[in-house]
Amino acid sequence: MTIRGTDPATVRAAIEDRDPLPGTAGFAGAIDDRLVRDVLGRVPLFIEGAPNSLEAGEPEPDRPTRWAFDPTELRSPELVPAGSVSTSPDGRETERVWELPDPTPADDHDTALEALSRGIQNAVSTMETDNAAVAFSGGVDSALVAELLDAPLYVVGFPDSHDVEAARTAAAAMDRDLTVVELEPADLERAVPKVARATGRTNAMDVQIALGLYLVAERVAEDGFDRLAVGQGADELFGGYEKVVRLDHRVAAETVRGAVRESIATLPAQLPRDVCAITAAGVDPVAPLLHDDVVDAALGLPEGLLADDQMRKKGFRTVAADYVPREIAYRDKKAVQYGSLIARELDRLARQAGYKRRMDDHVTKYIESLLEESTLE
């Protein structure tokens, strides 16, 4: 029996009651000869894609298909579906046990905001945050996490990047010290193969996002911390994307509430990338804004507290303004791969290596070449 994220009794009760939000920060693993993974896939869990084969890494002929939290431990890793419990001895057949609850908007804004504030406070108070540092980009998500944890702040980016400047001004406004991890192109060249291998992904967008997490986590680990606290989940839960307001071709929903629900549904595919990038650097991630209590409160936000043409993450910002300076709670921020200039510099390195923009997906091809070179060394 090996469960990460919570205790076995909580998982058994969640299976029995089919409760998707039993008050955890996510869980996955093996329990009672079954593999389980929580409804949002907050803890990555992989099975061997080539079952019943010693060549694929199975240590014993009579052992069921191998599984692992780290995809690099398997030859052909495949994600166990989020919200599922395995129903076959080899773990490859699963039943969808947990579904994300339907939104249940509160009757009034004050009630919804109070519930969200309680949920965030409970998340922080019940999660393991000892010896943690905060990945701090100067936006409202990481600023709220930083204020509630009162942990050291780290920002990663190239010297002239938006994130470094935003983090400096936010840290000053919050009267906090800040460690700046200034990047050079060589840092990307060195880290790309490690990130690609740890996440099992080589597409440009995923690697660009994961690079920032890996590089800040690497520095945090070097400085002796065990955990890296992040603000992941806020954009998906609270309406942080432009597409939820525009309701354009990127969403199928016809309402903001529906578009936010679609965004939440993307988390199980995204989170393994982020978690694997952080753990590959030697620290454990802590994501208070993805705790069940916060997710439940987010589903209770009326549409008027989500997003409109004037502001995104309206309810979340309102709650955050009770903890952090107002100018930080309501400031806009770029996505990490752009705000840190990692995307720009990776594109430049690709072109310098001969992968021109006229080529289809030239940055991905460059990433694949670095991975192949590192494998041959």
# chains A, B, ... in the order shown; residues from 1 in each chain; ligands from 1
$ residues_around --residues "A:Pro20" --least-positions-apart "5" --cutoff "9 Å" --atoms "only C-alpha atoms" --output "PyMOL selection string"
chain A and resi 14-15+38-40+83+97-101+292
$ closest_residue --among "A:Thr24, A:Gln310, A:Thr87, A:Thr179" --to "A:His291" --atoms "only C-alpha atoms"
A:Thr24
$ closest_residue --among "A:Tyr366, A:Phe158, A:Tyr214, A:Phe225" --to "A:Asp130" --atoms "only C-alpha atoms"
A:Phe225
$ residues_around --residues "A:Gly23" --least-positions-apart "3" --cutoff "10 Å" --atoms "only C-alpha atoms" --output "ChimeraX atom specification"
/A:6,10,14,19-20,26,122-123,126,291-296
$ closest_residue --among "A:Ala191, A:Ile120, A:Ala234, A:Ala172" --to "A:Ser374" --atoms "only C-alpha atoms"
A:Ala191
$ atom_distance --atom1 "atom CA of A:Ala269" --atom2 "atom CA of A:Pro44"
9.6 Å
$ closest_residue --among "A:Gly354, A:Pro89, A:Gly258, A:Pro288" --to "A:Val244" --atoms "only C-alpha atoms"
A:Gly258
$ atom_distance --atom1 "atom CA of A:Glu373" --atom2 "atom CA of A:Pro159"
28.2 Å
$ residues_around --residues "A:Pro152" --least-positions-apart "6" --cutoff "12 Å" --atoms "only C-alpha atoms" --output "list in words"
Thr129, Asp130, Asn131, Ala132, Ala133, Val134, Ala135, Phe136, Ser142, Ala143, Val145, Ala146, Ala171, Asp175, Arg176, Asp177, Leu178, Thr179, Val180, Val220, Asp223, Gly224, Phe225, Arg227, Leu228 and Ala229 of chain A
$ atom_distance --atom1 "atom CA of A:Tyr330" --atom2 "atom CA of A:Gly240"
12.0 Å
$ select_by_dssp --residues "stretch 19-207 of chain A" --states "helix (DSSP H, G or I)" --output "PyMOL selection string"
chain A and resi 54-56+71-73+109-126+140-149+162-173+185-199+204-207
$ residues_around --residues "A:Val36" --least-positions-apart "6" --cutoff "8 Å" --atoms "only C-alpha atoms" --output "ChimeraX atom specification"
/A:27-30,80,83-86
$ closest_residue --among "A:Thr94, A:Ser117, A:Thr169, A:Thr255" --to "A:Leu144" --atoms "only C-alpha atoms"
A:Ser117
$ closest_residue --among "A:Thr2, A:Gln337, A:Ser125, A:Thr199" --to "A:Asp163" --atoms "only C-alpha atoms"
A:Gln337
$ closest_atom_pairs --of "stretch 112-230 of chain A" --to "stretch 313-318 of chain A" --cutoff "8 Å" --atoms "only C-alpha atoms" --output "CSV"
residue,atom,partner,partner_atom,distance
A:Leu113,CA,A:Gly315,CA,6.6
A:Leu116,CA,A:Phe316,CA,7.8
A:Val140,CA,A:Arg317,CA,7.1
$ write_last_selection --atoms "N, CA, C and O atoms" --output "PDB file, in the first residue's frame"
ATOM      1  N   LEU A 113     -17.674  34.889  -1.182  1.00  0.00           N
ATOM      2  CA  LEU A 113     -16.334  35.378  -0.864  1.00  0.00           C
ATOM      3  C   LEU A 113     -15.875  34.900   0.508  1.00  0.00           C
ATOM      4  O   LEU A 113     -14.696  34.562   0.703  1.00  0.00           O
ATOM      5  N   LEU A 116     -14.770  31.336   0.126  1.00  0.00           N
ATOM      6  CA  LEU A 116     -13.471  31.244  -0.539  1.00  0.00           C
ATOM      7  C   LEU A 116     -12.342  31.596   0.422  1.00  0.00           C
ATOM      8  O   LEU A 116     -11.318  30.908   0.468  1.00  0.00           O
ATOM      9  N   VAL A 140      -0.914  38.189  -8.380  1.00  0.00           N
ATOM     10  CA  VAL A 140      -1.783  38.001  -7.229  1.00  0.00           C
ATOM     11  C   VAL A 140      -1.728  36.577  -6.701  1.00  0.00           C
ATOM     12  O   VAL A 140      -1.797  36.359  -5.475  1.00  0.00           O
TER      13      VAL A 140
END
$ residues_around --residues "A:Ser161" --least-positions-apart "4" --cutoff "8 Å" --atoms "only C-alpha atoms" --output "list in words"
Gly157, Glu165, Gly339, Ser340 and Leu341 of chain A
$ closest_atom_pairs --of "stretch 184-221 of chain A" --to "stretch 280-283 of chain A" --cutoff "8 Å" --atoms "only C-alpha atoms" --output "JSON lines"
{"residue": "A:Lys194", "atom": "CA", "partner": "A:Ala280", "partner_atom": "CA", "distance": 7.9}
{"residue": "A:Val195", "atom": "CA", "partner": "A:Ala280", "partner_atom": "CA", "distance": 7.8}
{"residue": "A:Ala198", "atom": "CA", "partner": "A:Ala280", "partner_atom": "CA", "distance": 6.2}
{"residue": "A:Tyr214", "atom": "CA", "partner": "A:Ala281", "partner_atom": "CA", "distance": 5.9}
{"residue": "A:Leu215", "atom": "CA", "partner": "A:Ala281", "partner_atom": "CA", "distance": 7.7}
{"residue": "A:Ala217", "atom": "CA", "partner": "A:Ala281", "partner_atom": "CA", "distance": 5.7}
{"residue": "A:Glu218", "atom": "CA", "partner": "A:Ala281", "partner_atom": "CA", "distance": 4.8}
{"residue": "A:Val220", "atom": "CA", "partner": "A:Val283", "partner_atom": "CA", "distance": 7.8}
{"residue": "A:Ala221", "atom": "CA", "partner": "A:Gly282", "partner_atom": "CA", "distance": 6.0}
